[in-house]
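**Student:** PDB, C-alpha atoms, pLDDT in the B column, file entry.pdb:
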ATOM      1  CA  MET D  87     -46.790  38.461  26.597  1.00 51.00           C
ATOM      2  CA  SER D  88     -44.936  35.728  28.452  1.00 54.00           C
ATOM      3  CA  ARG D  89     -45.996  33.247  25.782  1.00 54.00           C
ATOM      4  CA  LEU D  90     -44.549  35.592  23.143  1.00 47.00           C
ATOM      5  CA  LEU D  91     -41.275  35.894  25.107  1.00 45.00           C
ATOM      6  CA  LEU D  92     -41.084  32.130  25.440  1.00 46.00           C
ATOM      7  CA  THR D  93     -41.593  31.718  21.684  1.00 52.00           C
ATOM      8  CA  LEU D  94     -39.039  34.434  20.977  1.00 48.00           C
ATOM      9  CA  LYS D  95     -36.495  32.827  23.357  1.00 51.00           C
ATOM     10  CA  SER D  96     -37.067  29.433  21.664  1.00 56.00           C
ATOM     11  CA  ALA D  97     -36.580  30.961  18.233  1.00 52.00           C
ATOM     12  CA  LEU D  98     -33.375  32.733  19.327  1.00 50.00           C
ATOM     13  CA  PHE D  99     -32.061  29.539  20.885  1.00 53.00           C
ATOM     14  CA  ALA D 100     -32.805  27.561  17.687  1.00 55.00           C
ATOM     15  CA  LEU D 101     -31.072  30.268  15.637  1.00 51.00           C
ATOM     16  CA  ALA D 102     -28.011  30.185  17.916  1.00 55.00           C
ATOM     17  CA  VAL D 103     -27.820  26.400  17.639  1.00 53.00           C
ATOM     18  CA  ALA D 104     -28.124  26.552  13.849  1.00 56.00           C
ATOM     19  CA  LEU D 105     -25.414  29.190  13.577  1.00 57.00           C
ATOM     20  CA  ALA D 106     -23.080  27.269  15.891  1.00 55.00           C
ATOM     21  CA  ALA D 107     -23.545  23.940  14.073  1.00 51.00           C
ATOM     22  CA  PRO D 108     -21.280  24.715  11.084  1.00 51.00           C
ATOM     23  CA  ALA D 109     -18.495  25.845  13.406  1.00 47.00           C
ATOM     24  CA  GLN D 110     -18.831  22.669  15.438  1.00 46.00           C
ATOM     25  CA  ALA D 111     -18.854  20.547  12.279  1.00 45.00           C
ATOM     26  CA  GLN D 112     -15.738  22.273  10.985  1.00 47.00           C
ATOM     27  CA  SER D 113     -13.864  21.801  14.236  1.00 46.00           C
ATOM     28  CA  ALA D 114     -14.837  18.112  14.269  1.00 52.00           C
ATOM     29  CA  VAL D 115     -12.967  17.534  10.993  1.00 51.00           C
ATOM     30  CA  PRO D 116      -9.510  16.167  11.874  1.00 60.00           C
ATOM     31  CA  ALA D 117      -6.475  18.002  10.608  1.00 68.00           C
ATOM     32  CA  ALA D 118      -4.592  16.251   7.813  1.00 83.00           C
ATOM     33  CA  GLU D 119      -2.147  13.817   9.354  1.00 87.00           C
ATOM     34  CA  PRO D 120       1.441  13.747   8.098  1.00 91.00           C
ATOM     35  CA  ALA D 121       2.495  10.795   5.960  1.00 93.00           C
ATOM     36  CA  ILE D 122       3.840   7.804   7.866  1.00 97.00           C
ATOM     37  CA  LYS D 123       7.538   7.397   7.062  1.00 98.00           C
ATOM     38  CA  THR D 124       8.897   3.850   6.798  1.00 98.00           C
ATOM     39  CA  VAL D 125      12.341   2.502   5.997  1.00 98.00           C
ATOM     40  CA  TYR D 126      12.450  -0.995   4.520  1.00 98.00           C
ATOM     41  CA  HIS D 127      15.829  -2.568   5.308  1.00 98.00           C
ATOM     42  CA  MET D 128      17.038  -5.212   2.847  1.00 98.00           C
ATOM     43  CA  SER D 129      20.308  -7.128   3.178  1.00 98.00           C
ATOM     44  CA  GLU D 130      19.447 -10.770   2.423  1.00 98.00           C
ATOM     45  CA  GLY D 131      19.221 -11.004  -1.367  1.00 96.00           C
ATOM     46  CA  ILE D 132      16.694 -11.776  -4.072  1.00 98.00           C
ATOM     47  CA  ALA D 133      14.130 -13.702  -1.982  1.00 98.00           C
ATOM     48  CA  GLN D 134      13.920 -10.894   0.588  1.00 98.00           C
ATOM     49  CA  ALA D 135      13.678  -8.281  -2.190  1.00 98.00           C
ATOM     50  CA  THR D 136      10.790 -10.182  -3.797  1.00 98.00           C
ATOM     51  CA  ARG D 137       8.939 -10.312  -0.449  1.00 97.00           C
ATOM     52  CA  GLY D 138       9.807  -6.714   0.321  1.00 98.00           C
ATOM     53  CA  LEU D 139       8.556  -5.304  -2.975  1.00 98.00           C
ATOM     54  CA  GLY D 140       5.275  -7.170  -2.447  1.00 98.00           C
ATOM     55  CA  ASN D 141       5.055  -5.730   1.075  1.00 98.00           C
ATOM     56  CA  ILE D 142       5.666  -2.236  -0.286  1.00 98.00           C
ATOM     57  CA  ARG D 143       2.954  -2.604  -2.954  1.00 98.00           C
ATOM     58  CA  ASN D 144       0.510  -3.735  -0.242  1.00 98.00           C
ATOM     59  CA  HIS D 145       1.657  -0.918   2.053  1.00 98.00           C
ATOM     60  CA  LEU D 146       0.991   1.713  -0.615  1.00 98.00           C
ATOM     61  CA  ALA D 147      -2.372   0.167  -1.499  1.00 97.00           C
ATOM     62  CA  ALA D 148      -3.440   0.583   2.141  1.00 97.00           C
ATOM     63  CA  ASP D 149      -1.737   3.967   2.632  1.00 97.00           C
ATOM     64  CA  PRO D 150      -1.003   5.747  -0.663  1.00 96.00           C
ATOM     65  CA  LYS D 151       0.456   8.772   1.166  1.00 96.00           C
ATOM     66  CA  ALA D 152       3.129   6.697   2.944  1.00 98.00           C
ATOM     67  CA  LYS D 153       6.727   7.895   2.564  1.00 98.00           C
ATOM     68  CA  ILE D 154       8.839   4.786   1.899  1.00 98.00           C
ATOM     69  CA  VAL D 155      12.607   4.502   1.592  1.00 98.00           C
ATOM     70  CA  VAL D 156      14.271   1.163   0.796  1.00 98.00           C
ATOM     71  CA  VAL D 157      17.832   0.916   2.103  1.00 98.00           C
ATOM     72  CA  THR D 158      20.006  -1.958   0.914  1.00 98.00           C
ATOM     73  CA  HIS D 159      23.421  -3.372   1.739  1.00 98.00           C
ATOM     74  CA  GLY D 160      25.200  -6.707   1.414  1.00 98.00           C
ATOM     75  CA  ALA D 161      23.257  -9.162  -0.735  1.00 98.00           C
ATOM     76  CA  GLY D 162      20.281  -6.800  -0.426  1.00 98.00           C
ATOM     77  CA  ILE D 163      21.627  -4.625  -3.237  1.00 98.00           C
ATOM     78  CA  ASP D 164      21.392  -7.415  -5.815  1.00 98.00           C
ATOM     79  CA  PHE D 165      17.868  -6.575  -7.018  1.00 98.00           C
ATOM     80  CA  LEU D 166      18.941  -2.968  -7.638  1.00 98.00           C
ATOM     81  CA  LEU D 167      21.661  -3.942 -10.093  1.00 98.00           C
ATOM     82  CA  GLN D 168      20.954  -3.649 -13.804  1.00 98.00           C
ATOM     83  CA  GLY D 169      19.539  -6.847 -15.275  1.00 98.00           C
ATOM     84  CA  ALA D 170      18.536  -8.353 -11.886  1.00 98.00           C
ATOM     85  CA  VAL D 171      15.816 -11.008 -12.012  1.00 98.00           C
ATOM     86  CA  ASN D 172      13.765 -12.809  -9.375  1.00 96.00           C
ATOM     87  CA  ALA D 173      13.607 -16.575  -8.770  1.00 95.00           C
ATOM     88  CA  ASN D 174      11.144 -16.896 -11.680  1.00 96.00           C
ATOM     89  CA  ASN D 175      13.599 -15.134 -14.014  1.00 97.00           C
ATOM     90  CA  GLN D 176      11.396 -12.019 -14.141  1.00 97.00           C
ATOM     91  CA  PRO D 177      13.219  -8.678 -14.159  1.00 98.00           C
ATOM     92  CA  PHE D 178      12.938  -6.392 -11.147  1.00 98.00           C
ATOM     93  CA  ALA D 179      13.202  -3.290 -13.364  1.00 97.00           C
ATOM     94  CA  GLY D 180       9.442  -2.872 -13.919  1.00 97.00           C
ATOM     95  CA  ALA D 181       8.536  -3.201 -10.242  1.00 98.00           C
ATOM     96  CA  ILE D 182      11.304  -0.794  -9.227  1.00 98.00           C
ATOM     97  CA  ALA D 183      10.217   1.798 -11.813  1.00 98.00           C
ATOM     98  CA  ASP D 184       6.563   1.462 -10.790  1.00 98.00           C
ATOM     99  CA  LEU D 185       7.337   1.964  -7.102  1.00 98.00           C
ATOM    100  CA  ALA D 186       9.727   4.830  -7.822  1.00 98.00           C
ATOM    101  CA  ASN D 187       6.922   6.521  -9.785  1.00 98.00           C
ATOM    102  CA  LYS D 188       4.789   6.208  -6.631  1.00 98.00           C
ATOM    103  CA  GLY D 189       7.454   8.018  -4.605  1.00 98.00           C
ATOM    104  CA  VAL D 190       9.404   5.083  -3.163  1.00 98.00           C
ATOM    105  CA  GLU D 191      13.121   5.858  -2.836  1.00 98.00           C
ATOM    106  CA  PHE D 192      15.826   3.204  -3.213  1.00 98.00           C
ATOM    107  CA  ARG D 193      19.265   3.571  -1.629  1.00 98.00           C
ATOM    108  CA  VAL D 194      22.329   1.360  -2.136  1.00 98.00           C
ATOM    109  CA  CYS D 195      25.286   1.043   0.246  1.00 98.00           C
ATOM    110  CA  ASN D 196      28.562   2.268  -1.236  1.00 98.00           C
ATOM    111  CA  ASN D 197      30.534   0.138   1.246  1.00 98.00           C
ATOM    112  CA  THR D 198      28.929  -2.920  -0.328  1.00 98.00           C
ATOM    113  CA  LEU D 199      29.715  -1.731  -3.846  1.00 98.00           C
ATOM    114  CA  VAL D 200      33.363  -1.198  -2.892  1.00 98.00           C
ATOM    115  CA  SER D 201      33.746  -4.483  -0.999  1.00 98.00           C
ATOM    116  CA  ARG D 202      32.132  -6.446  -3.836  1.00 98.00           C
ATOM    117  CA  ASN D 203      34.009  -4.506  -6.523  1.00 98.00           C
ATOM    118  CA  ILE D 204      30.784  -3.391  -8.248  1.00 98.00           C
ATOM    119  CA  ASP D 205      30.909  -0.247 -10.350  1.00 98.00           C
ATOM    120  CA  PRO D 206      28.222   2.241  -9.210  1.00 98.00           C
ATOM    121  CA  SER D 207      27.141   2.580 -12.852  1.00 98.00           C
ATOM    122  CA  LYS D 208      25.666  -0.946 -12.517  1.00 98.00           C
ATOM    123  CA  VAL D 209      23.051   0.351 -10.052  1.00 98.00           C
ATOM    124  CA  VAL D 210      19.612   1.012 -11.615  1.00 98.00           C
ATOM    125  CA  MET D 211      18.861   4.663 -12.301  1.00 98.00           C
ATOM    126  CA  GLU D 212      16.000   4.777  -9.772  1.00 98.00           C
ATOM    127  CA  ALA D 213      18.427   4.130  -6.893  1.00 98.00           C
ATOM    128  CA  SER D 214      20.922   6.442  -5.262  1.00 98.00           C
ATOM    129  CA  VAL D 215      24.166   5.435  -3.592  1.00 98.00           C
ATOM    130  CA  VAL D 216      24.683   6.313   0.085  1.00 98.00           C
ATOM    131  CA  PRO D 217      27.994   5.996   1.955  1.00 98.00           C
ATOM    132  CA  SER D 218      26.746   3.255   4.315  1.00 98.00           C
ATOM    133  CA  GLY D 219      23.490   1.311   4.258  1.00 98.00           C
ATOM    134  CA  VAL D 220      23.403   0.607   7.992  1.00 98.00           C
ATOM    135  CA  ALA D 221      24.273   4.219   8.824  1.00 98.00           C
ATOM    136  CA  GLU D 222      21.479   5.360   6.490  1.00 98.00           C
ATOM    137  CA  VAL D 223      18.939   3.119   8.253  1.00 98.00           C
ATOM    138  CA  ALA D 224      20.052   4.487  11.632  1.00 98.00           C
ATOM    139  CA  ARG D 225      19.938   8.088  10.407  1.00 98.00           C
ATOM    140  CA  LEU D 226      16.425   7.725   8.999  1.00 98.00           C
ATOM    141  CA  GLN D 227      15.200   6.258  12.271  1.00 98.00           C
ATOM    142  CA  ALA D 228      17.004   8.570  14.694  1.00 98.00           C
ATOM    143  CA  ARG D 229      16.969  11.873  12.835  1.00 98.00           C
ATOM    144  CA  GLU D 230      13.975  11.696  10.512  1.00 98.00           C
ATOM    145  CA  GLY D 231      11.496   9.609  12.538  1.00 97.00           C
ATOM    146  CA  PHE D 232      11.147   6.672  10.139  1.00 98.00           C
ATOM    147  CA  THR D 233       9.562   3.435  11.310  1.00 98.00           C
ATOM    148  CA  TYR D 234      11.742   0.378  10.676  1.00 98.00           C
ATOM    149  CA  LEU D 235      10.557  -2.683   8.716  1.00 97.00           C
ATOM    150  CA  ARG D 236      12.565  -5.691   7.642  1.00 97.00           C
ATOM    151  CA  PRO D 237      10.658  -7.921   5.208  1.00 96.00           C
TER     152      PRO D 237
END
Hey, can you dump this file as structure tokens for me?
**Tutor:**
Amino acid sequence: MSRLLLTLKSALFALAVALAAPAQAQSAVPAAEPAIKTVYHMSEGIAQATRGLGNIRNHLAADPKAKIVVVTHGAGIDFLLQGAVNANNQPFAGAIADLANKGVEFRVCNNTLVSRNIDPSKVVMEASVVPSGVAEVARLQAREGFTYLRP
């Protein structure tokens, strides 16, 4: 009888372990992490924009769920103007459209447009105009938890 009880206890223990295993496996699966939010700050012109767009492509290749906002002011807006080309005379339009299709947002400083006497209609359609580029960078960091990068 004691041998039968021992066998029965072993069988019940094995059953309990088997039933608990799926619950343990489910709890071991990490919860989905929120997308990492990053603001790319551009103010130096075409060379910085070329580097920055390359950085953003690499960033998205490593982390496709990343939330990326590009904020520009000063000479940094130049690549977001219609007809802008890089140092090799290649248009930025294709790269901007591709990144926008992947969820990247582009923002242009209105203070810069006003001070440089640039009509907002000259800004590419994928970009939006914000009142102040530097204020937008600060807001994204302080109020929305964005990480700051300057290519």
**Student:** Point out the residue among D:Phe165, D:Tyr126, D:Phe232, D:Phe192 with the least atom-to-atom distance to Lys208 in chain D, counting only C-alpha atoms.
**Tutor:**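 Ranking D:Phe165, D:Tyr126, D:Phe232, D:Phe192 by distance to Lys208 in chain D, first place goes to D:Phe165.
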**Student:** Let me make sure I understand: among D:Phe178, D:His159, D:Pro120, D:Leu185, which one has the smallest atom-to-atom distance to Pro217 in chain D if we use all atoms listed in the file?
**Tutor:**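 Using all atoms listed in the file, Pro217 in chain D sits closest to D:His159.
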**Student:** Would you give the centre and edge lengths, in Å to one decimal, of a box along x, y and z around the listed atoms of range 206-214 of chain D, with 4 Å added to each side, as JSON?
**Tutor:**
{"center_x": 22.1, "center_y": 2.7, "center_z": -9.1, "size_x": 20.2, "size_y": 15.4, "size_z": 15.6}
**Student:** Which is closer to Ala133 in chain D than all the others in D:Leu199, D:Ala118, D:Ala186, D:Ala173, using only C-alpha atoms?
**Tutor:**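 Closest residue, counting only C-alpha atoms: D:Ala173.
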**Student:** Could you tell me which of D:Asn175, D:Asn187, D:Thr158, D:Asn197 comes closest to Val125 in chain D if we count all atoms listed in the file?
**Tutor:** D:Thr158
**Student:** Quick one: distance from CA of Lys188 in chain D to CA of Ala152 in chain D in Å, one decimal?
**Tutor:**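 Pair CA of Lys188 in chain D / CA of Ala152 in chain D returns 9.7 Å.
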**Student:** Using the chain letters and numbers from the file, give me the residues hit by the PyMOL selection byres ((chain D and resi 218) around 6), as an mmCIF file with C-alpha atoms, keeping the file's coordinate frame.
**Tutor:**
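The resulting file, expr23.cif, is shown below:
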data_model
loop_
_atom_site.group_PDB
_atom_site.id
_atom_site.type_symbol
_atom_site.label_atom_id
_atom_site.label_comp_id
_atom_site.auth_asym_id
_atom_site.auth_seq_id
_atom_site.Cartn_x
_atom_site.Cartn_y
_atom_site.Cartn_z
ATOM 1 C CA CYS D 195 25.286 1.043 0.246
ATOM 2 C CA ASN D 196 28.562 2.268 -1.236
ATOM 3 C CA ASN D 197 30.534 0.138 1.246
ATOM 4 C CA VAL D 216 24.683 6.313 0.085
ATOM 5 C CA PRO D 217 27.994 5.996 1.955
ATOM 6 C CA GLY D 219 23.490 1.311 4.258
ATOM 7 C CA VAL D 220 23.403 0.607 7.992
ATOM 8 C CA ALA D 221 24.273 4.219 8.824
#
**Student:** One decimal, in Å: what's the spacing between CA of Gln168 in chain D and CA of Tyr234 in chain D?
**Tutor:**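 Value for the CA of Gln168 in chain D-CA of Tyr234 in chain D distance: 26.5 Å.
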**Student:** Rounded to one decimal, what separation in Å do you get between CA of Thr233 in chain D and CA of Arg202 in chain D?
**Tutor:** 28.9 Å
**Student:** With all atoms listed in the file as the basis for distance, which of D:Ile122, D:Ile204, D:Ala179, D:Leu226 is at the shortest distance from Leu166 in chain D?
**Tutor:**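 Closest to Leu166 in chain D, using all atoms listed in the file: D:Ala179.
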**Student:** For Ile132 in chain D, which residue out of D:Asp164, D:Glu191, D:Glu119, D:Glu222 is the nearest one, using only C-alpha atoms?
**Tutor:**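 Of the candidates, the smallest distance to Ile132 in chain D is held by D:Asp164.
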**Student:** Can you translate the PyMOL selection byres ((chain D and resi 142-147) around 10) into the concrete residues it hits in this file, as a list of chain:residue names?
**Tutor:**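 Checked against the file, the PyMOL selection byres ((chain D and resi 142-147) around 10) matches D:Thr124, D:Tyr126, D:Arg137, D:Gly138, D:Leu139, D:Gly140, D:Asn141, D:Ala148, D:Asp149, D:Pro150, D:Lys151, D:Ala152, D:Lys153, D:Ile154, D:Val155, D:Val156, D:Ala181, D:Asp184, D:Leu185, D:Lys188, D:Gly189, D:Val190, D:Pro237.
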**Student:** Dig up all the protein and nucleic acid residues within 9 Å of (16.6, 4.7, -11.9) in the file frame, using only C-alpha atoms, and format them as a list in words.
**Tutor:**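 Final list of nearby residues, as requested, is Ala179, Ile182, Ala183, Ala186, Phe192, Val209, Val210, Met211, Glu212, Ala213 and Ser214 of chain D.
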**Student:** If the PyMOL selection byres ((chain D and resi 127) around 6) is run on the structure shown, which residues does it catch, given as a list in words?
**Tutor:**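 Expected selection for the PyMOL selection byres ((chain D and resi 127) around 6) here is Tyr126, Met128, Val157 and Arg236 of chain D.
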**Student:** Quick one: residues within 6 Å of Ala161 in chain D, only C-alpha atoms counted, chain neighbours fewer than 5 positions away excluded, as a list in words?
**Tutor:**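 Counting only C-alpha atoms, the residues come to Ser129, Glu130 and Gly131 of chain D.
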**Student:** Because some atoms of range 187-198 of chain D are absent here, can you restore all heavy atoms and send them as an mmCIF file, in the coordinates of the input?
**Tutor:**
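Below is the file rebuild-v5.cif, written as the result:
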data_model
loop_
_atom_site.group_PDB
_atom_site.id
_atom_site.type_symbol
_atom_site.label_atom_id
_atom_site.label_comp_id
_atom_site.auth_asym_id
_atom_site.auth_seq_id
_atom_site.Cartn_x
_atom_site.Cartn_y
_atom_site.Cartn_z
ATOM 1 N N ASN D 187 7.932 5.575 -9.292
ATOM 2 C CA ASN D 187 6.922 6.521 -9.785
ATOM 3 C C ASN D 187 5.880 6.845 -8.725
ATOM 4 O O ASN D 187 5.203 7.871 -8.808
ATOM 5 C CB ASN D 187 6.251 5.996 -11.047
ATOM 6 C CG ASN D 187 7.146 6.090 -12.261
ATOM 7 O OD1 ASN D 187 8.024 6.947 -12.332
ATOM 8 N ND2 ASN D 187 6.942 5.200 -13.213
ATOM 9 N N LYS D 188 5.725 5.980 -7.742
ATOM 10 C CA LYS D 188 4.789 6.208 -6.631
ATOM 11 C C LYS D 188 5.484 6.878 -5.444
ATOM 12 O O LYS D 188 4.902 7.004 -4.375
ATOM 13 C CB LYS D 188 4.157 4.892 -6.201
ATOM 14 C CG LYS D 188 3.238 4.322 -7.266
ATOM 15 C CD LYS D 188 2.679 2.982 -6.870
ATOM 16 C CE LYS D 188 1.767 2.487 -8.000
ATOM 17 N NZ LYS D 188 1.321 1.124 -7.787
ATOM 18 N N GLY D 189 6.746 7.278 -5.627
ATOM 19 C CA GLY D 189 7.454 8.018 -4.605
ATOM 20 C C GLY D 189 8.394 7.216 -3.728
ATOM 21 O O GLY D 189 9.041 7.769 -2.841
ATOM 22 N N VAL D 190 8.491 5.908 -3.955
ATOM 23 C CA VAL D 190 9.404 5.083 -3.163
ATOM 24 C C VAL D 190 10.837 5.421 -3.570
ATOM 25 O O VAL D 190 11.139 5.540 -4.760
ATOM 26 C CB VAL D 190 9.124 3.576 -3.367
ATOM 27 C CG1 VAL D 190 10.142 2.714 -2.629
ATOM 28 C CG2 VAL D 190 7.703 3.239 -2.923
ATOM 29 N N GLU D 191 11.710 5.579 -2.578
ATOM 30 C CA GLU D 191 13.121 5.858 -2.836
ATOM 31 C C GLU D 191 13.936 4.607 -2.542
ATOM 32 O O GLU D 191 13.654 3.896 -1.579
ATOM 33 C CB GLU D 191 13.609 7.007 -1.952
ATOM 34 C CG GLU D 191 12.936 8.324 -2.261
ATOM 35 C CD GLU D 191 13.397 9.437 -1.340
ATOM 36 O OE1 GLU D 191 14.536 9.364 -0.816
ATOM 37 O OE2 GLU D 191 12.612 10.374 -1.142
ATOM 38 N N PHE D 192 14.942 4.355 -3.375
ATOM 39 C CA PHE D 192 15.826 3.204 -3.213
ATOM 40 C C PHE D 192 17.244 3.715 -2.987
ATOM 41 O O PHE D 192 17.731 4.563 -3.731
ATOM 42 C CB PHE D 192 15.785 2.324 -4.468
ATOM 43 C CG PHE D 192 14.431 1.705 -4.723
ATOM 44 C CD1 PHE D 192 13.484 2.347 -5.508
ATOM 45 C CD2 PHE D 192 14.108 0.478 -4.170
ATOM 46 C CE1 PHE D 192 12.242 1.788 -5.738
ATOM 47 C CE2 PHE D 192 12.875 -0.098 -4.395
ATOM 48 C CZ PHE D 192 11.928 0.558 -5.178
ATOM 49 N N ARG D 193 17.907 3.151 -1.959
ATOM 50 C CA ARG D 193 19.265 3.571 -1.629
ATOM 51 C C ARG D 193 20.167 2.353 -1.500
ATOM 52 O O ARG D 193 19.792 1.354 -0.886
ATOM 53 C CB ARG D 193 19.262 4.394 -0.344
ATOM 54 C CG ARG D 193 18.397 5.643 -0.523
ATOM 55 C CD ARG D 193 18.367 6.541 0.645
ATOM 56 N NE ARG D 193 17.397 7.621 0.382
ATOM 57 C CZ ARG D 193 16.932 8.419 1.298
ATOM 58 N NH1 ARG D 193 17.358 8.327 2.547
ATOM 59 N NH2 ARG D 193 16.051 9.351 0.979
ATOM 60 N N VAL D 194 21.362 2.458 -2.079
ATOM 61 C CA VAL D 194 22.329 1.360 -2.136
ATOM 62 C C VAL D 194 23.571 1.759 -1.358
ATOM 63 O O VAL D 194 24.077 2.874 -1.492
ATOM 64 C CB VAL D 194 22.690 1.054 -3.610
ATOM 65 C CG1 VAL D 194 23.803 0.041 -3.704
ATOM 66 C CG2 VAL D 194 21.459 0.575 -4.374
ATOM 67 N N CYS D 195 24.101 0.827 -0.585
ATOM 68 C CA CYS D 195 25.286 1.043 0.246
ATOM 69 C C CYS D 195 26.563 1.074 -0.604
ATOM 70 O O CYS D 195 26.881 0.105 -1.301
ATOM 71 C CB CYS D 195 25.373 -0.077 1.277
ATOM 72 S SG CYS D 195 26.865 -0.075 2.260
ATOM 73 N N ASN D 196 27.295 2.171 -0.524
ATOM 74 C CA ASN D 196 28.562 2.268 -1.236
ATOM 75 C C ASN D 196 29.606 1.313 -0.660
ATOM 76 O O ASN D 196 30.435 0.774 -1.409
ATOM 77 C CB ASN D 196 29.090 3.703 -1.215
ATOM 78 C CG ASN D 196 30.277 3.861 -2.126
ATOM 79 O OD1 ASN D 196 30.177 3.625 -3.337
ATOM 80 N ND2 ASN D 196 31.421 4.225 -1.563
ATOM 81 N N ASN D 197 29.586 1.088 0.651
ATOM 82 C CA ASN D 197 30.534 0.138 1.246
ATOM 83 C C ASN D 197 30.403 -1.236 0.602
ATOM 84 O O ASN D 197 31.406 -1.915 0.344
ATOM 85 C CB ASN D 197 30.330 0.023 2.756
ATOM 86 C CG ASN D 197 30.768 1.257 3.499
ATOM 87 O OD1 ASN D 197 31.611 2.015 3.037
ATOM 88 N ND2 ASN D 197 30.183 1.475 4.668
ATOM 89 N N THR D 198 29.160 -1.632 0.328
ATOM 90 C CA THR D 198 28.929 -2.920 -0.328
ATOM 91 C C THR D 198 29.467 -2.903 -1.748
ATOM 92 O O THR D 198 30.119 -3.862 -2.183
ATOM 93 C CB THR D 198 27.429 -3.276 -0.327
ATOM 94 O OG1 THR D 198 26.986 -3.405 1.029
ATOM 95 C CG2 THR D 198 27.160 -4.567 -1.076
#
